[in-house]
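The data block below is coords-v8.txt; it holds compact mmCIF, C-alpha atoms.
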# COMPACT_ATOMS: atom_id res chain seq x y z
CA MET A 10 -74.30 58.76 35.54
CA PHE A 11 -75.71 57.24 38.73
CA CYS A 12 -79.27 57.87 37.51
CA LEU A 13 -78.46 55.83 34.41
CA LEU A 14 -77.08 52.96 36.50
CA VAL A 15 -80.20 52.96 38.68
CA LEU A 16 -82.36 52.86 35.54
CA MET A 17 -80.34 49.95 34.12
CA CYS A 18 -80.57 48.11 37.42
CA PHE A 19 -84.24 48.56 38.29
CA GLY A 20 -85.71 49.34 34.88
CA ASP A 21 -87.92 52.21 36.03
CA LYS A 22 -87.32 55.93 36.21
CA LEU A 23 -87.29 56.63 39.92
CA ASN A 24 -88.04 60.01 41.37
CA GLU A 25 -85.25 62.23 42.66
CA ASN A 26 -85.85 61.31 46.29
CA GLN A 27 -85.58 57.57 45.59
CA ILE A 28 -82.36 58.03 43.62
CA LYS A 29 -80.88 60.10 46.45
CA GLN A 30 -81.78 57.37 48.95
CA VAL A 31 -80.08 54.71 46.83
CA GLU A 32 -77.05 56.92 46.33
CA TYR A 33 -76.86 57.68 50.06
CA VAL A 34 -76.82 54.06 51.25
CA GLN A 35 -74.41 53.00 48.50
CA ARG A 36 -72.04 55.86 49.27
CA ARG A 37 -72.08 55.08 53.00
CA LEU A 38 -71.20 51.45 52.36
CA LEU A 39 -68.51 52.34 49.84
CA LEU A 40 -66.84 54.93 52.07
CA SER A 41 -67.02 52.61 55.09
CA PHE A 42 -65.60 49.59 53.29
CA TRP A 43 -62.09 50.04 54.72
CA ARG A 44 -63.49 49.95 58.26
CA PHE A 45 -65.10 46.53 57.77
CA ASN A 46 -62.77 44.83 55.32
CA PHE A 47 -60.67 43.09 57.98
CA LEU A 48 -63.75 41.49 59.57
CA ASN A 49 -63.79 38.79 56.87
CA PHE A 50 -60.34 37.43 57.68
CA CYS A 51 -61.54 35.54 60.74
CA PRO A 52 -65.28 36.15 61.29
CA LYS A 53 -65.59 33.92 64.36
CA LEU A 54 -62.85 35.83 66.14
CA THR A 55 -63.74 39.33 64.95
CA LYS A 56 -67.37 38.86 66.02
CA ILE A 57 -66.05 38.51 69.57
CA LEU A 58 -63.36 41.19 69.47
CA PHE A 59 -65.17 43.76 67.32
CA LYS A 60 -68.84 43.48 68.26
CA THR A 61 -69.43 47.21 67.80
CA ARG A 62 -67.93 47.20 64.32
CA TRP A 63 -70.09 44.23 63.33
CA SER A 64 -73.17 46.02 64.69
CA GLU A 65 -72.36 49.05 62.55
CA LEU A 66 -72.00 46.85 59.48
CA PHE A 67 -75.31 45.09 60.12
CA GLN A 68 -77.02 48.46 60.59
CA LEU A 69 -75.67 49.73 57.26
CA ARG A 70 -76.84 46.54 55.60
CA LYS A 71 -80.28 46.91 57.15
CA GLU A 72 -80.55 50.46 55.82
CA GLN A 73 -79.50 49.29 52.37
CA GLU A 74 -82.10 46.53 52.35
CA GLY A 75 -84.73 49.03 53.48
CA VAL A 76 -84.06 51.10 50.37
CA LEU A 77 -83.40 48.43 47.72
CA ILE A 78 -85.89 45.69 48.62
CA PRO A 79 -89.00 47.87 47.98
CA LEU A 80 -87.58 48.68 44.53
CA ILE A 81 -86.92 45.01 43.83
CA ARG A 82 -90.43 44.01 44.91
CA ALA A 83 -91.99 46.81 42.87
CA ARG A 84 -90.13 45.61 39.79
CA GLN A 85 -91.16 42.01 40.50
CA ASN A 86 -94.83 43.03 40.71
CA LYS A 87 -94.54 45.04 37.51
CA ALA A 88 -93.01 42.08 35.69
CA LYS A 89 -95.89 39.86 36.81
CA THR A 90 -98.41 42.44 35.65
CA GLU A 91 -96.71 42.69 32.26
CA ARG A 92 -96.74 38.91 31.82
CA LEU A 93 -100.43 38.70 32.68
CA SER A 94 -101.19 41.57 30.33
CA ARG A 95 -99.34 39.93 27.45
CA LYS A 96 -101.07 36.63 28.15
CA GLY A 97 -104.49 38.24 28.24
CA ASP A 98 -103.91 40.17 25.03
CA HIS A 99 -102.32 37.13 23.33
CA LYS A 100 -99.15 39.07 22.60
CA ASP A 101 -95.70 37.70 21.99
CA ASP A 102 -92.99 37.96 24.60
CA GLU A 103 -91.05 40.40 22.44
CA ASP A 104 -92.96 43.50 23.41
CA ASP A 105 -91.85 46.92 24.53
CA PHE A 106 -91.12 45.72 28.07
CA VAL A 107 -87.48 46.66 28.72
CA LEU A 108 -85.53 44.02 30.60
CA ALA A 109 -83.56 45.36 33.56
CA TYR A 110 -80.69 43.84 35.52
CA VAL A 111 -82.92 43.01 38.47
CA ASP A 112 -85.33 41.19 36.11
CA THR A 113 -82.58 38.75 35.17
CA LEU A 114 -81.82 38.18 38.85
CA LEU A 115 -85.46 37.48 39.65
CA GLU A 116 -85.61 34.87 36.88
CA LEU A 117 -82.24 33.30 37.68
CA GLN A 118 -82.29 29.79 39.13
CA LEU A 119 -79.34 28.22 40.91
CA PRO A 120 -78.76 24.48 41.33
CA ASP A 121 -78.79 23.10 44.85
CA GLY A 122 -79.00 19.66 46.41
CA LYS A 123 -82.74 19.31 45.79
CA GLY A 124 -82.98 20.80 42.33
CA LYS A 125 -83.04 24.51 41.56
CA ARG A 126 -83.81 27.57 43.61
CA LYS A 127 -84.26 31.26 42.95
CA LEU A 128 -82.12 33.96 44.47
CA SER A 129 -83.21 35.29 47.84
CA GLU A 130 -83.92 38.97 48.33
CA ASP A 131 -80.73 39.24 50.37
CA GLU A 132 -78.69 37.84 47.47
CA ILE A 133 -80.39 40.14 44.97
CA VAL A 134 -79.64 43.15 47.17
CA SER A 135 -75.95 42.18 47.26
CA LEU A 136 -75.77 41.77 43.47
CA CYS A 137 -77.57 45.05 42.83
CA SER A 138 -75.22 46.78 45.25
CA GLU A 139 -72.20 45.39 43.39
CA PHE A 140 -73.69 46.52 40.08
CA LEU A 141 -74.27 50.08 41.29
CA SER A 142 -70.96 50.42 43.13
CA ALA A 143 -68.80 48.95 40.37
CA GLY A 144 -70.48 50.98 37.64
CA THR A 145 -70.22 54.23 39.57
CA ASP A 146 -66.59 53.86 40.60
CA THR A 147 -65.19 52.76 37.24
CA SER A 148 -67.18 55.31 35.21
CA SER A 149 -66.30 58.25 37.44
CA THR A 150 -62.62 57.25 37.52
CA ALA A 151 -62.44 56.98 33.74
CA LEU A 152 -64.16 60.35 33.25
CA GLN A 153 -61.86 62.06 35.74
CA TRP A 154 -58.74 60.84 33.95
CA ILE A 155 -60.11 61.78 30.53
CA MET A 156 -60.98 65.30 31.71
CA ALA A 157 -57.58 65.65 33.38
CA ASN A 158 -55.81 64.77 30.13
CA ILE A 159 -57.99 67.14 28.13
CA VAL A 160 -56.98 69.95 30.48
CA LYS A 161 -53.33 68.89 30.31
CA TYR A 162 -53.26 68.92 26.50
CA PRO A 163 -55.00 72.12 25.25
CA GLN A 164 -54.47 71.17 21.60
CA VAL A 165 -56.62 68.08 22.15
CA GLN A 166 -59.28 70.19 23.86
CA ASP A 167 -59.33 72.69 20.97
CA LYS A 168 -59.62 69.98 18.33
CA LEU A 169 -62.34 68.19 20.27
CA PHE A 170 -64.30 71.41 20.78
CA ALA A 171 -64.06 72.26 17.08
CA GLU A 172 -65.34 68.81 16.10
CA ILE A 173 -68.31 69.01 18.47
CA LYS A 174 -69.12 72.57 17.40
CA GLY A 175 -69.11 71.48 13.75
CA VAL A 176 -71.70 68.77 14.40
CA VAL A 177 -73.88 70.02 17.25
CA ALA A 178 -75.99 73.13 16.72
CA GLU A 179 -75.45 76.07 19.06
CA THR A 180 -79.06 75.82 20.22
CA GLU A 181 -78.49 72.27 21.48
CA GLU A 182 -77.58 71.92 25.16
CA GLU A 183 -76.08 68.43 24.91
CA VAL A 184 -74.54 65.97 22.47
CA LYS A 185 -77.24 63.52 21.47
CA GLU A 186 -76.67 59.85 20.78
CA GLU A 187 -77.80 60.22 17.16
CA VAL A 188 -74.74 62.32 16.24
CA LEU A 189 -72.06 60.34 18.07
CA HIS A 190 -71.06 58.51 14.88
CA LYS A 191 -70.09 61.91 13.44
CA LEU A 192 -67.59 62.52 16.26
CA PRO A 193 -64.65 60.16 15.61
CA TYR A 194 -62.16 62.32 17.51
CA LEU A 195 -64.36 62.26 20.61
CA LYS A 196 -64.39 58.47 20.38
CA ALA A 197 -60.61 58.46 19.99
CA VAL A 198 -60.15 60.65 23.07
CA ILE A 199 -62.34 58.34 25.16
CA LEU A 200 -60.57 55.20 23.93
CA GLU A 201 -57.14 56.69 24.56
CA GLY A 202 -58.20 57.74 28.05
CA LEU A 203 -59.31 54.19 28.77
CA ARG A 204 -56.07 52.81 27.32
CA ARG A 205 -53.83 55.07 29.38
CA HIS A 206 -55.83 54.86 32.60
CA PRO A 207 -57.95 51.69 32.66
CA PRO A 208 -60.45 51.83 35.55
CA GLY A 209 -60.04 48.11 36.26
CA HIS A 210 -57.15 47.30 38.58
CA PHE A 211 -55.91 44.37 36.51
CA VAL A 212 -56.42 45.85 33.05
CA LEU A 213 -53.01 46.74 31.63
CA PRO A 214 -52.38 49.62 29.20
CA HIS A 215 -51.40 48.46 25.73
CA ALA A 216 -50.02 49.92 22.52
CA ASP A 217 -52.28 50.95 19.66
CA GLN A 218 -52.49 48.07 17.19
CA GLY A 219 -53.46 50.05 14.11
CA ARG A 220 -57.13 50.68 14.79
CA GLY A 221 -57.22 53.78 12.60
CA PHE A 222 -56.16 56.36 15.18
CA ARG A 223 -53.05 57.39 17.05
CA ARG A 224 -52.50 58.57 20.57
CA ALA A 225 -53.90 62.00 21.38
CA PHE A 226 -52.29 62.54 24.78
CA GLY A 227 -48.53 62.81 24.42
CA ALA A 228 -46.09 63.22 21.58
CA GLN A 229 -48.56 62.22 18.88
CA GLU A 230 -52.13 63.19 18.13
CA TRP A 231 -54.82 60.98 16.70
CA HIS A 232 -55.47 61.11 12.99
CA CYS A 233 -59.08 60.03 12.56

Will you turn the file into structure tokens for me?
Amino acid sequence: MFCLLVLMCFGDKLNENQIKQVEYVQRRLLLSFWRFNFLNFCPKLTKILFKTRWSELFQLRKEQEGVLIPLIRARQNKAKTERLSRKGDHKDDEDDFVLAYVDTLLELQLPDGKGKRKLSEDEIVSLCSEFLSAGTDTSSTALQWIMANIVKYPQVQDKLFAEIKGVVAETEEEVKEEVLHKLPYLKAVILEGLRRHPPGHFVLPHADQGRGFRRAFGAQEWHC
């Protein structure tokens, strides 16, 4: 899951070591968030009273920038090369160059007092960090709840296994995207998991409004 988020963010398939470095700095920041959260309430005062804590935060930020900025610059250079290549070959802009999240940030221009400006590297690092952290946390939380409910309701697990087995060959090691449309019950299980346990804090569960399936976890099962 995290590899996919890194690919969506930076647009290139990084090697295992690079992904581990990104994961390491993001995990450290995420797990240390509670230690630094109170520093924002009154920065002028906390910078005097909690100098050591601020130093730790700045060090974590420096480590994060040391990992993410080279990836951002590499993507920026690649985008420039692609544009020059298209211009030299007289190709249209709609080529096989896949746009990544960081590409949109590099092209984004913000209004200021003198016109428009592009995002600084520091701002791009912050936005990429939010993208990676938010995507990891919500996805993992949703998957954990879905798996917990599948274990809790064996009849759902049996029906889901039978559906997958009927579509995916025994020689296949994974469910491919091309066959997902043939797995309506799998879709129903995922949607019900998201309905019962939304990963967003302010997303409220709601009743099924006749979308063609019923609840799988609980008194009723879906009928897809």

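Pairwise distance (atom CA of Ala143 of chain A, atom CA of Leu16 of chain A) equals 14.9 Å.
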
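The spacing separating atom CA of Lys71 of chain A from atom CA of Ser138 of chain A amounts to 12.9 Å.
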
Exercise. Which value, in Å to one decimal, gives the distance between atom CA of Phe42 of chain A and atom CA of Leu114 of chain A?
Worked result: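 Atom-to-atom, atom CA of Phe42 of chain A and atom CA of Leu114 of chain A are spaced 24.5 Å apart.
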
Exercise. Around (-85.1, 39.9, 45.9) in the file's own coordinates, what residues are found within 7 Å if you use all atoms listed in the file, given back as a ChimeraX atom specification?
Worked result: /A:78,81-82,115,128-134

Contacts between segment 20-39 of chain A and segment 57-86 of chain A, please, where a residue of segment 57-86 of chain A counts if it comes within 9 Å (with only C-alpha atoms); show its shortest atom pair and distance in Å to one decimal, rows by chain and ascending number, as JSON lines.
{"residue": "A:Leu66", "atom": "CA", "partner": "A:Leu38", "partner_atom": "CA", "distance": 8.5}
{"residue": "A:Leu69", "atom": "CA", "partner": "A:Leu38", "partner_atom": "CA", "distance": 6.9}
{"residue": "A:Arg70", "atom": "CA", "partner": "A:Leu38", "partner_atom": "CA", "distance": 8.1}
{"residue": "A:Glu72", "atom": "CA", "partner": "A:Val34", "partner_atom": "CA", "distance": 6.9}
{"residue": "A:Gln73", "atom": "CA", "partner": "A:Val34", "partner_atom": "CA", "distance": 5.6}
{"residue": "A:Val76", "atom": "CA", "partner": "A:Val31", "partner_atom": "CA", "distance": 6.4}
{"residue": "A:Leu77", "atom": "CA", "partner": "A:Val31", "partner_atom": "CA", "distance": 7.2}
{"residue": "A:Arg84", "atom": "CA", "partner": "A:Gly20", "partner_atom": "CA", "distance": 7.6}

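Between Val107 of chain A and the residues A:Lys125, A:Lys191, A:Lys87, A:Lys53, the shortest atom-to-atom distance, using all atoms listed in the file, involves A:Lys87.
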
What's the 12 Å shell around segment 145-155 of chain A, counting all atoms listed in the file, without same-chain residues fewer than 6 positions away, as a tab-separated table (two decimals) with C-alpha atoms, in the frame of the given file?
chain	number	residue	atom	x	y	z
A	10	MET	CA	-74.30	58.76	35.54
A	11	PHE	CA	-75.71	57.24	38.73
A	12	CYS	CA	-79.27	57.87	37.51
A	13	LEU	CA	-78.46	55.83	34.41
A	14	LEU	CA	-77.08	52.96	36.50
A	15	VAL	CA	-80.20	52.96	38.68
A	32	GLU	CA	-77.05	56.92	46.33
A	35	GLN	CA	-74.41	53.00	48.50
A	36	ARG	CA	-72.04	55.86	49.27
A	39	LEU	CA	-68.51	52.34	49.84
A	40	LEU	CA	-66.84	54.93	52.07
A	138	SER	CA	-75.22	46.78	45.25
A	139	GLU	CA	-72.20	45.39	43.39
A	161	LYS	CA	-53.33	68.89	30.31
A	162	TYR	CA	-53.26	68.92	26.50
A	165	VAL	CA	-56.62	68.08	22.15
A	166	GLN	CA	-59.28	70.19	23.86
A	195	LEU	CA	-64.36	62.26	20.61
A	196	LYS	CA	-64.39	58.47	20.38
A	197	ALA	CA	-60.61	58.46	19.99
A	198	VAL	CA	-60.15	60.65	23.07
A	199	ILE	CA	-62.34	58.34	25.16
A	200	LEU	CA	-60.57	55.20	23.93
A	201	GLU	CA	-57.14	56.69	24.56
A	202	GLY	CA	-58.20	57.74	28.05
A	203	LEU	CA	-59.31	54.19	28.77
A	204	ARG	CA	-56.07	52.81	27.32
A	205	ARG	CA	-53.83	55.07	29.38
A	206	HIS	CA	-55.83	54.86	32.60
A	207	PRO	CA	-57.95	51.69	32.66
A	208	PRO	CA	-60.45	51.83	35.55
A	209	GLY	CA	-60.04	48.11	36.26
A	210	HIS	CA	-57.15	47.30	38.58
A	212	VAL	CA	-56.42	45.85	33.05
A	225	ALA	CA	-53.90	62.00	21.38
A	226	PHE	CA	-52.29	62.54	24.78

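If you measure from each of A:Tyr194, A:Glu186, A:Phe45, A:Ser64 to Asp167 of chain A using all atoms listed in the file, the closest one turns out to be A:Tyr194.
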
Problem set entry | Shell around Cys18 of chain A at 6 Å using only C-alpha atoms, local window under 3 positions removed, as a count of residues only | 4

How big is the axis-aligned box, and where does its centre sit, when it encloses all atoms of segment 176-180 of chain A listed in the file and has 3 Å added on every side, reported in Å to one decimal as JSON?
{"center_x": -75.4, "center_y": 72.4, "center_z": 17.3, "size_x": 13.4, "size_y": 13.3, "size_z": 11.8}
